[in-house]
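Engineer: Take a look at the following structure, please.
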Amino acid sequence: MIKECEVLVVGAGPAGSAAALTSAEGGVSTLLIDRKKEIGTPVQCGEVVGEPLLRHLNFKVPPAAVASVQNYTRFLLDRRIAISNKEPYWRSVSLERKIFDKLLAARAAEAGAQVHADARLVSVEMKDGDVVEAKIMHQGREVTVRPKIIVAADGVHSTLSRLMGVELFTEKAMAKGIEYEMVAHRKLPSAMQIFLEPEVGLGYGWIIPKGPRRANVGLAAIGLTGNRRDRLQEWLSTNPLVMRYFEADHVLEVKTGDAPIPGFLGGPRRGNVLFAGDAAGQTLAFVGEGIMPSYICGQGAGAVAAAAVRFNDVDRLDCYEQAVDDLMGDELAGGGALKDIILDVWTDQNISEGDRTVLCGLLMSEVIFPEQIEEARELLSLSNYKMVQAIKDIVARRKIRATVSALRLR
Ligand SMILES: Cc1cc2nc3c(=O)[nH]c(=O)nc-3n(C[C@H](O)[C@H](O)[C@H](O)COP(=O)(O)OP(=O)(O)OC[C@H]3O[C@@H](n4cnc5c(N)ncnc54)[C@H](O)[C@@H]3O)c2cc1C
């Protein structure tokens with residue numbers, strides 16, 4: 001049975017479970033709800049985390065929640081250039097999110113939070129900009145709670161923002177994604193592979209290993225049109241590199257979802273509600289990469305909420321923005337800057353779509369910094385062979401541990 005609480009956390013993804021954990025650890029009564037019947041299922045994610053970011057977890061992820069570890073990241077630009085970045089930042093860990101998310105919710109419960117699956121926030125009552133009452137459908141029955149603080153960790157299509165009338169993400173600020181978990185017919189390299197090419201659009205495709213011959217293979221793009229499954233099917237059956245490993249009829253699971261691009265239109269606090277994770281656009285790459293940022297910012301939201309309850313002072317919620325800045329400010333600002341410049345490049349009509357994906361890939365792979373974009377534009381007039389040589393020179397000059405090679409896939 002759902003009991004009254006001081007802090008209500010809506011959504012048991014990484015942001016919500018982290019918020020409920022720190023709120024409960026802060027000694028206030030905390031309720032974590034999720035509309036899903038089973039927390040963590042269905043998965044709507046590529047499930048990969050950069051290894052350095054994973055160190056922000058203050059516990060060791062059990063082996064059952066780790067699918068595989070990748071030594072480097074390979075960027076495939078317009079089917080013309082391959083860059084394998086072997087810097088430590090580009091090592092990655094693929095998770096089993098079904099296990100990982102449930103584990104995070106269990107940790108919140110162990111810290112003393114009430115945790116309820118099959119519990120959907122359906123309506124709120126507002127007074128002077130605060131949410132004073134929330135109605136939850138729990139196992140077919142309506143329950144009313146009157147929390148002092150709410151953490152909205154309910155994802156990119158946040159119910160709370162809709163109920164409060166807060167504008168979150170427009171279609172232009174959201175990527176639509178789809179992937180299959182697939183079995184490869186040959187061994188995969190120990191690399192996350194990211195594809196930037198016109199065939200994908202304003203976003204990227206990926207092969208994210210989940211074992212030597214198993215992987216999430218998918219794409220996400222802003223403004224993706226048409227049926228998502230058809231788009232993926234087409235990409236799988238026309239990209240020569242993907243075809244080298246996969247046949248479209250070895251599909252273990254279909255996963256679809258939307259991802260915000262970095263940034264939040266409204267600010268992460270509204271009255272007595274703190275927005276966290278995808279609901280606050282706390283993601284890093286220009287699309288996607290939100291598991292760890294959501295977890296880390298969720299921790300901040302829970303801690304600030306607990307302090308505000310303990311001191312009986314809602315204005316303490318203002319500390320949340322500073323907390324997010326302290327925890328992830330540099331990374332989020334970097335993600336925002338990358339997003340802005342990629343959107344600029346993408347709308348530049350003076351360069352071909354293929355060249356745009358090359359420039360975006362140089363930025364994303366961190367071979368060039370945003371301030372070097374003008375210099376990088378000059379590479380576009382070179383032949384492919386000369387462009388590869390020039391990129392090799394940049395890599396050598398910057399002493400990046402990366403290899404660059406020409407692809408002949410067009
Ligand atoms: C196709 C795709 C691939 C991605 N791949 C990656 C990747 O490889 N690596 C990475 O780091 N990130 C990836 N992301 C992003 C990542 O999935 C999200 O950033 C992350 O899950 C955000 O966590 P969250 O806790 O904020 O929200 P979510 O994980 O979305 O959790 C929100 C929760 O709120 C619940 N909820 C919603 N409404 C209600 C309601 N009314 N009442 C109760 N509960 C509610 C939902 O059921 C859900 O469980 C991907 C996203 C997509 C779409």
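In the structure tokens, each chain is lettered A, B, ... as it comes, each chain's residues begin at 1, and ligands are numbered from 1 in order of appearance.
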So which residues are near ligand 1, meaning at most 7 Å away with only C-alpha atoms and all ligand atoms counted, given back as an MDAnalysis selection string?
Structural biologist: chainID A and resid 10:16 33:36 39:40 44:49 119:122 153:156 158:159 176:179 219:220 255:259 276:279 283 288:292 294:295
Engineer: Can you pull out every residue from range 94-134 of chain A that DSSP, working from the backbone, puts in helix (DSSP H, G or I), and format the result as JSON, numbers by chain?
Structural biologist: {"A": [97, 98, 99, 100, 101, 102, 103, 104, 105, 106, 107, 108, 109, 110]}
Engineer: Ala18 in chain A: which residues within 8 Å, counting only C-alpha atoms, same-chain residues fewer than 4 positions away excluded, as a PDB file with C-alpha atoms, in the first residue's frame?
Structural biologist:
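Generated file (around_26.pdb):
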ATOM      1  CA  PRO A  14      18.431   6.126 -13.199  1.00  0.00           C
ATOM      2  CA  THR A  22      19.742  10.153  -1.571  1.00  0.00           C
ATOM      3  CA  LEU A 104      19.090   0.990  -8.535  1.00  0.00           C
ATOM      4  CA  ALA A 105      15.449   0.939  -7.383  1.00  0.00           C
ATOM      5  CA  ALA A 108      16.622   3.084  -2.908  1.00  0.00           C
ATOM      6  CA  TYR A 295      21.887   9.202 -12.205  1.00  0.00           C
ATOM      7  CA  ILE A 296      24.328  11.872 -11.048  1.00  0.00           C
ATOM      8  CA  GLY A 298      19.156  12.614  -9.713  1.00  0.00           C
ATOM      9  CA  GLN A 299      21.438  12.146  -6.713  1.00  0.00           C
ATOM     10  CA  GLY A 302      17.268  13.844  -3.912  1.00  0.00           C
TER      11      GLY A 302
END
Engineer: Per DSSP on the backbone, filter range 154-391 of chain A down to the residues in strand (DSSP E or B) and report them as a PyMOL selection string.
Structural biologist: chain A and resi 174-183+191-196+202-211+214-222+251-260+269-270+273-275
Engineer: For CA of Met164 in chain A and CA of Gly27 in chain A, quote the distance in Å rounded to one decimal.
Structural biologist: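 Distance between the two atoms: 27.7 Å.
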Engineer: Could you check the closest approach to Val358 in chain A for each of A:Arg79, A:Lys392, A:Arg398, A:Arg74 and tell me which residue wins, using only C-alpha atoms?
Structural biologist: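 For Val358 in chain A, the nearest of the candidates is A:Arg79.
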Engineer: Record the distance separating CA of Val115 in chain A and CA of Leu32 in chain A, expressed in Å with one decimal.
Structural biologist: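 Taking CA of Val115 in chain A as the start and CA of Leu32 in chain A as the end point, the length is 4.8 Å.
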Engineer: Mind giving me the straight-line distance from CA of Glu6 in chain A to CA of Ala306 in chain A in Å, one decimal?
Structural biologist: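 For CA of Glu6 in chain A relative to CA of Ala306 in chain A, the distance reads 8.5 Å.
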